[in-house]
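S.K.: Supplied structure: my_file_17.txt, compact mmCIF, C-alpha atoms.
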```
# COMPACT_ATOMS: atom_id res chain seq x y z
CA MET A 1 -0.88 -20.41 -8.93
CA ASN A 2 -0.15 -19.28 -5.39
CA LEU A 3 -1.06 -15.60 -5.07
CA THR A 4 0.56 -13.58 -2.29
CA SER A 5 1.04 -9.92 -1.50
CA ASP A 6 4.64 -10.42 -2.66
CA ASN A 7 3.65 -11.37 -6.20
CA ILE A 8 0.22 -9.81 -6.75
CA ILE A 9 1.46 -6.68 -8.55
CA SER A 10 3.58 -8.69 -10.98
CA VAL A 11 0.71 -11.11 -11.63
CA LEU A 12 -1.74 -8.25 -12.20
CA CYS A 13 0.63 -6.56 -14.63
CA ILE A 14 1.20 -9.78 -16.56
CA ALA A 15 -2.53 -10.51 -16.69
CA TYR A 16 -3.33 -6.99 -17.94
CA TYR A 17 -0.52 -7.08 -20.48
CA LEU A 18 -1.59 -10.46 -21.87
CA GLY A 19 -5.27 -9.47 -21.83
CA MET A 20 -6.30 -12.46 -19.72
CA LYS A 21 -9.89 -11.28 -19.28
CA GLU A 22 -13.36 -12.85 -19.14
CA GLU A 23 -13.55 -12.96 -22.94
CA HIS A 24 -10.85 -15.64 -23.00
CA SER A 25 -11.92 -17.73 -20.02
CA THR A 26 -14.36 -17.47 -17.12
CA ASP A 27 -11.62 -18.65 -14.75
CA ASN A 28 -9.04 -16.14 -15.97
CA LEU A 29 -5.85 -14.93 -14.34
CA LEU A 30 -6.92 -11.29 -14.26
CA GLY A 31 -10.15 -12.19 -12.46
CA LYS A 32 -8.34 -14.32 -9.89
CA ALA A 33 -5.66 -11.71 -9.28
CA SER A 34 -8.20 -8.88 -9.01
CA SER A 35 -10.32 -10.87 -6.59
CA PHE A 36 -7.26 -11.69 -4.45
CA LEU A 37 -6.24 -8.03 -4.47
CA GLU A 38 -9.69 -6.85 -3.37
CA THR A 39 -10.28 -9.48 -0.70
CA ARG A 40 -6.84 -10.19 0.76
CA VAL A 41 -4.44 -7.34 0.00
CA LEU A 42 -6.32 -4.04 -0.05
CA PRO A 43 -8.26 -4.62 3.20
CA SER A 44 -4.98 -4.94 5.13
CA TRP A 45 -2.52 -2.09 5.72
CA ASN A 46 0.45 -4.46 6.04
CA GLU A 47 -0.44 -6.50 2.96
CA THR A 48 -0.97 -3.37 0.87
CA VAL A 49 2.39 -1.84 1.84
CA ASN A 50 4.11 -5.21 1.40
CA ALA A 51 2.61 -5.61 -2.09
CA LEU A 52 3.79 -2.17 -3.13
CA ARG A 53 7.27 -2.74 -1.72
CA SER A 54 7.55 -6.18 -3.36
CA GLY A 55 6.28 -4.89 -6.69
CA GLU A 56 8.71 -2.02 -6.96
CA LYS A 57 10.02 -3.17 -10.35
CA SER A 58 6.48 -3.24 -11.74
CA LEU A 59 5.35 0.17 -10.46
CA ASP A 60 5.65 1.75 -13.92
CA LYS A 61 3.38 -0.89 -15.41
CA LEU A 62 1.00 -0.54 -12.48
CA ALA A 63 0.69 3.14 -13.36
CA ASP A 64 0.15 2.25 -17.03
CA PHE A 65 -2.83 0.10 -16.04
CA GLU A 66 -4.12 2.88 -13.75
CA LEU A 67 -3.94 0.75 -10.61
CA VAL A 68 -1.77 3.08 -8.54
CA ASP A 69 -4.83 5.09 -7.44
CA LEU A 70 -6.42 1.91 -6.12
CA PHE A 71 -3.47 1.36 -3.78
CA PHE A 72 -3.32 5.05 -2.79
CA ASP A 73 -7.03 5.13 -2.01
CA SER A 74 -6.73 2.00 0.11
CA LEU A 75 -3.87 3.42 2.18
CA ILE A 76 -5.48 6.85 2.53
CA GLU A 77 -8.76 5.32 3.68
CA LYS A 78 -7.03 3.20 6.32
CA ALA A 79 -4.86 6.10 7.55
CA SER A 80 -7.85 8.43 7.81
CA TYR A 81 -9.74 5.79 9.80
CA ASP A 82 -6.75 4.99 12.06
CA PRO A 83 -4.08 7.74 11.97
CA ARG A 84 -1.92 5.74 14.38
CA LEU A 85 -0.90 3.64 11.37
CA LEU A 86 1.31 6.63 10.53
CA GLY A 87 2.99 6.61 13.94
CA GLU A 88 2.29 7.56 17.52
CA PRO A 89 1.30 11.18 18.18
CA ILE A 90 3.87 13.75 19.21
CA LYS A 91 3.34 14.64 22.83
CA ASN A 92 4.11 18.19 23.82
CA ARG A 93 3.83 19.22 27.47
CA GLU A 94 2.83 22.74 26.54
CA GLU A 95 0.26 21.64 24.00
CA THR A 96 -3.28 22.10 25.25
CA THR A 97 -5.12 20.89 22.16
CA SER A 98 -5.81 17.26 21.44
CA GLU A 99 -4.93 17.60 17.76
CA TYR A 100 -3.30 14.46 16.37
CA ARG A 101 0.08 14.85 14.70
CA PRO A 102 1.96 11.70 13.66
CA ASN A 103 5.49 11.23 14.87
CA PRO A 104 7.52 9.82 11.95
CA ARG A 105 10.64 9.40 14.08
CA ARG A 106 8.96 6.73 16.20
CA ARG A 107 8.35 4.62 13.12
CA LEU A 108 11.91 4.99 11.87
CA PHE A 109 13.62 3.68 14.99
CA ASP A 110 11.10 1.38 16.68
CA ASN A 111 11.81 -2.22 15.65
CA ASP A 112 8.81 -3.55 17.57
CA TRP A 113 6.29 -1.57 15.53
CA LYS A 114 3.61 -3.97 14.26
CA SER A 115 2.54 -2.35 11.00
CA GLU A 116 4.40 -1.90 7.75
CA ASP A 117 5.83 1.54 7.25
CA LEU A 118 5.32 3.80 4.26
CA ILE A 119 8.96 4.90 4.36
CA THR A 120 9.91 1.43 3.07
CA LEU A 121 8.24 2.22 -0.27
CA PRO A 122 10.38 3.56 -3.09
CA VAL A 123 10.36 7.34 -3.58
CA ARG A 124 9.14 7.00 -7.16
CA PHE A 125 5.92 5.49 -5.84
CA TYR A 126 5.05 8.95 -4.50
CA GLU A 127 5.71 10.78 -7.79
CA PRO A 128 2.07 10.60 -8.99
CA LEU A 129 0.95 12.17 -5.71
CA MET A 130 3.44 15.01 -6.04
CA ILE A 131 2.55 15.78 -9.66
```
Could you write out this structure as structure tokens?

M.R.:
Amino acid sequence: MNLTSDNIISVLCIAYYLGMKEEHSTDNLLGKASSFLETRVLPSWNETVNALRSGEKSLDKLADFELVDLFFDSLIEKASYDPRLLGEPIKNREETTSEYRPNPRRRLFDNDWKSEDLITLPVRFYEPLMI
């Protein structure tokens, strides 16, 4: 099976649902999908956002298997390490402090931006954070 960030959420949900764990086989689907997620998807901002966007139909199941927090934690860690992933800072001529504030408008209208944007994720993905 060819695992990609486009299909990893669906594959994980199927593997969890079918119980494809170590008890059934040492070379199981859940193990392969989990390994791919940890080594190829979660370390990359773009791959993580792409996986979430591609797996929109499976987000409810992802929450059922308690995997949403894993994706949130990955994105939060990357954004706290490099806040520019959230957009370029707002520059104010009168501002004397060097406090970083992301500029969401830059990300909305800049087609040359190199990283995936969080605004492309469905609103319902953010519901667990708001509750």

S.K.: Report, in Å to a single decimal, how far apart atom CA of Gly19 of chain A and atom CA of Asp64 of chain A are.

M.R.: 13.8 Å

S.K.: Please compute the atom CA of Ile119 of chain A-atom CA of Leu30 of chain A distance, one decimal, in Å.

M.R.: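 Separation of atom CA of Ile119 of chain A and atom CA of Leu30 of chain A: 29.3 Å.
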
S.K.: Which one of A:Thr48, A:Lys57, A:Ile8, A:Tyr16 sits closest to Ser35 of chain A if you count only C-alpha atoms?

M.R.: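 Once distances to Ser35 of chain A are computed over only C-alpha atoms, the minimum belongs to A:Ile8.
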
S.K.: Just how far from atom CA of Glu66 of chain A is atom CA of Ile14 of chain A, in Å to one decimal?

M.R.: 14.0 Å

S.K.: Taking all atoms of segment 119-123 of chain A that the file lists, what box with edges along x, y and z, padded by 4 Å per side, do you get, with centre and edge lengths in Å to one decimal, as JSON?

M.R.:
```
{"center_x": 9.3, "center_y": 4.4, "center_z": 0.4, "size_x": 10.1, "size_y": 13.9, "size_z": 15.9}
```

S.K.: Quick one: of A:Phe71, A:Asn28, A:Arg40, A:Ser34, who's nearest to Arg53 of chain A, counting all atoms listed in the file?

M.R.: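 Looking only at the distances to Arg53 of chain A, the closest residue turns out to be A:Phe71.
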
S.K.: Would you list the contacts of Leu37 of chain A as a PDB file with C-alpha atoms, in the frame of the given file, taking every protein, DNA or RNA residue within 9 Å and counting all atoms listed in the file, but skipping same-chain residues closer than 5 positions in sequence?

M.R.:
```pdb
ATOM      1  CA  SER A   5       1.040  -9.920  -1.500  1.00  0.00           C
ATOM      2  CA  ILE A   8       0.220  -9.810  -6.750  1.00  0.00           C
ATOM      3  CA  ILE A   9       1.460  -6.680  -8.550  1.00  0.00           C
ATOM      4  CA  LEU A  12      -1.740  -8.250 -12.200  1.00  0.00           C
ATOM      5  CA  LYS A  32      -8.340 -14.320  -9.890  1.00  0.00           C
ATOM      6  CA  LEU A  42      -6.320  -4.040  -0.050  1.00  0.00           C
ATOM      7  CA  PRO A  43      -8.260  -4.620   3.200  1.00  0.00           C
ATOM      8  CA  THR A  48      -0.970  -3.370   0.870  1.00  0.00           C
TER       9      THR A  48
END
```

S.K.: Nearest to Met20 of chain A: which of A:Ala33, A:Lys78, A:Asn50, A:Thr39 is it, counting all atoms listed in the file?

M.R.: A:Ala33

S.K.: Tell me, as a list in words, which residues lie within 9 Å of Lys61 of chain A, counting all atoms listed in the file; anything in the same chain fewer than 5 positions away does not count.

M.R.: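 Everything that qualifies: Ser10, Cys13, Tyr17, Glu66 and Leu67 of chain A.
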
S.K.: Between A:Val41, A:Leu29, A:Met1, A:Leu18, which residue has the minimum interatomic distance to Ser74 of chain A, considering only C-alpha atoms?

M.R.: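 Of the candidates, the smallest distance to Ser74 of chain A is held by A:Val41.
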
S.K.: Select, from A:Ser58, A:Ser25, A:Asn7, A:Ser44, the residue with the minimum atom-to-atom distance to Glu77 of chain A, counting all atoms listed in the file.

M.R.: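 Checking each candidate against Glu77 of chain A, we get A:Ser44 as the closest.
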
S.K.: Could you tell me which of A:Glu22, A:Glu56, A:Asp27, A:Asp117 comes closest to Val68 of chain A if we count only C-alpha atoms?

M.R.: A:Glu56

S.K.: Could all heavy atoms be built for segment 69-80 of chain A and written out as a JSON list (two decimals), keeping the file's coordinate frame?

M.R.:
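Output below, filename result15.json:
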```json
[["chain", "number", "residue", "atom", "x", "y", "z"],
["A", 69, "ASP", "N", -3.80, 4.40, -8.23],
["A", 69, "ASP", "CA", -4.83, 5.09, -7.44],
["A", 69, "ASP", "C", -5.56, 4.13, -6.52],
["A", 69, "ASP", "O", -5.96, 4.50, -5.41],
["A", 69, "ASP", "CB", -5.82, 5.79, -8.34],
["A", 69, "ASP", "CG", -5.24, 7.02, -9.02],
["A", 69, "ASP", "OD1", -4.17, 7.49, -8.55],
["A", 69, "ASP", "OD2", -5.83, 7.49, -10.00],
["A", 70, "LEU", "N", -5.76, 2.91, -6.95],
["A", 70, "LEU", "CA", -6.42, 1.91, -6.12],
["A", 70, "LEU", "C", -5.63, 1.66, -4.83],
["A", 70, "LEU", "O", -6.20, 1.61, -3.75],
["A", 70, "LEU", "CB", -6.57, 0.60, -6.92],
["A", 70, "LEU", "CG", -7.42, -0.49, -6.33],
["A", 70, "LEU", "CD1", -8.87, -0.04, -6.21],
["A", 70, "LEU", "CD2", -7.34, -1.73, -7.21],
["A", 71, "PHE", "N", -4.32, 1.55, -4.95],
["A", 71, "PHE", "CA", -3.47, 1.36, -3.78],
["A", 71, "PHE", "C", -3.44, 2.62, -2.91],
["A", 71, "PHE", "O", -3.52, 2.54, -1.69],
["A", 71, "PHE", "CB", -2.05, 0.96, -4.20],
["A", 71, "PHE", "CG", -1.94, -0.46, -4.62],
["A", 71, "PHE", "CD1", -2.08, -0.82, -5.95],
["A", 71, "PHE", "CD2", -1.70, -1.46, -3.70],
["A", 71, "PHE", "CE1", -1.98, -2.14, -6.34],
["A", 71, "PHE", "CE2", -1.60, -2.79, -4.08],
["A", 71, "PHE", "CZ", -1.74, -3.13, -5.41],
["A", 72, "PHE", "N", -3.30, 3.79, -3.54],
["A", 72, "PHE", "CA", -3.32, 5.05, -2.79],
["A", 72, "PHE", "C", -4.61, 5.19, -2.00],
["A", 72, "PHE", "O", -4.60, 5.52, -0.82],
["A", 72, "PHE", "CB", -3.20, 6.25, -3.73],
["A", 72, "PHE", "CG", -1.80, 6.57, -4.15],
["A", 72, "PHE", "CD1", -1.54, 6.95, -5.45],
["A", 72, "PHE", "CD2", -0.74, 6.51, -3.26],
["A", 72, "PHE", "CE1", -0.25, 7.26, -5.86],
["A", 72, "PHE", "CE2", 0.55, 6.82, -3.66],
["A", 72, "PHE", "CZ", 0.79, 7.20, -4.97],
["A", 73, "ASP", "N", -5.74, 4.97, -2.67],
["A", 73, "ASP", "CA", -7.03, 5.13, -2.01],
["A", 73, "ASP", "C", -7.17, 4.18, -0.82],
["A", 73, "ASP", "O", -7.70, 4.56, 0.22],
["A", 73, "ASP", "CB", -8.18, 4.89, -3.00],
["A", 73, "ASP", "CG", -8.28, 5.98, -4.05],
["A", 73, "ASP", "OD1", -7.68, 7.06, -3.85],
["A", 73, "ASP", "OD2", -8.95, 5.75, -5.08],
["A", 74, "SER", "N", -6.67, 2.97, -0.98],
["A", 74, "SER", "CA", -6.73, 2.00, 0.11],
["A", 74, "SER", "C", -5.93, 2.48, 1.32],
["A", 74, "SER", "O", -6.41, 2.43, 2.45],
["A", 74, "SER", "CB", -6.20, 0.64, -0.37],
["A", 74, "SER", "OG", -6.10, -0.26, 0.68],
["A", 75, "LEU", "N", -4.71, 2.94, 1.09],
["A", 75, "LEU", "CA", -3.87, 3.42, 2.18],
["A", 75, "LEU", "C", -4.44, 4.69, 2.83],
["A", 75, "LEU", "O", -4.43, 4.83, 4.05],
["A", 75, "LEU", "CB", -2.45, 3.66, 1.69],
["A", 75, "LEU", "CG", -1.66, 2.41, 1.30],
["A", 75, "LEU", "CD1", -0.34, 2.80, 0.66],
["A", 75, "LEU", "CD2", -1.44, 1.51, 2.49],
["A", 76, "ILE", "N", -4.92, 5.60, 2.01],
["A", 76, "ILE", "CA", -5.48, 6.85, 2.53],
["A", 76, "ILE", "C", -6.71, 6.57, 3.38],
["A", 76, "ILE", "O", -6.89, 7.14, 4.45],
["A", 76, "ILE", "CB", -5.80, 7.82, 1.37],
["A", 76, "ILE", "CG1", -4.50, 8.33, 0.75],
["A", 76, "ILE", "CG2", -6.67, 8.98, 1.84],
["A", 76, "ILE", "CD1", -4.67, 9.05, -0.57],
["A", 77, "GLU", "N", -7.56, 5.66, 2.92],
["A", 77, "GLU", "CA", -8.76, 5.32, 3.68],
["A", 77, "GLU", "C", -8.40, 4.73, 5.04],
["A", 77, "GLU", "O", -8.98, 5.09, 6.07],
["A", 77, "GLU", "CB", -9.60, 4.31, 2.89],
["A", 77, "GLU", "CG", -10.85, 3.88, 3.60],
["A", 77, "GLU", "CD", -11.62, 2.85, 2.81],
["A", 77, "GLU", "OE1", -11.45, 2.76, 1.58],
["A", 77, "GLU", "OE2", -12.41, 2.12, 3.43],
["A", 78, "LYS", "N", -7.44, 3.82, 5.06],
["A", 78, "LYS", "CA", -7.03, 3.20, 6.32],
["A", 78, "LYS", "C", -6.38, 4.22, 7.26],
["A", 78, "LYS", "O", -6.64, 4.22, 8.46],
["A", 78, "LYS", "CB", -6.08, 2.04, 6.05],
["A", 78, "LYS", "CG", -6.76, 0.82, 5.52],
["A", 78, "LYS", "CD", -5.72, -0.20, 5.12],
["A", 78, "LYS", "CE", -6.25, -1.22, 4.18],
["A", 78, "LYS", "NZ", -6.97, -0.69, 3.04],
["A", 79, "ALA", "N", -5.53, 5.10, 6.72],
["A", 79, "ALA", "CA", -4.86, 6.10, 7.55],
["A", 79, "ALA", "C", -5.85, 7.13, 8.08],
["A", 79, "ALA", "O", -5.69, 7.60, 9.21],
["A", 79, "ALA", "CB", -3.76, 6.78, 6.76],
["A", 80, "SER", "N", -6.86, 7.47, 7.31],
["A", 80, "SER", "CA", -7.85, 8.43, 7.81],
["A", 80, "SER", "C", -8.73, 7.79, 8.88],
["A", 80, "SER", "O", -9.18, 8.47, 9.79],
["A", 80, "SER", "CB", -8.69, 9.00, 6.67],
["A", 80, "SER", "OG", -9.45, 7.99, 6.06]]
```
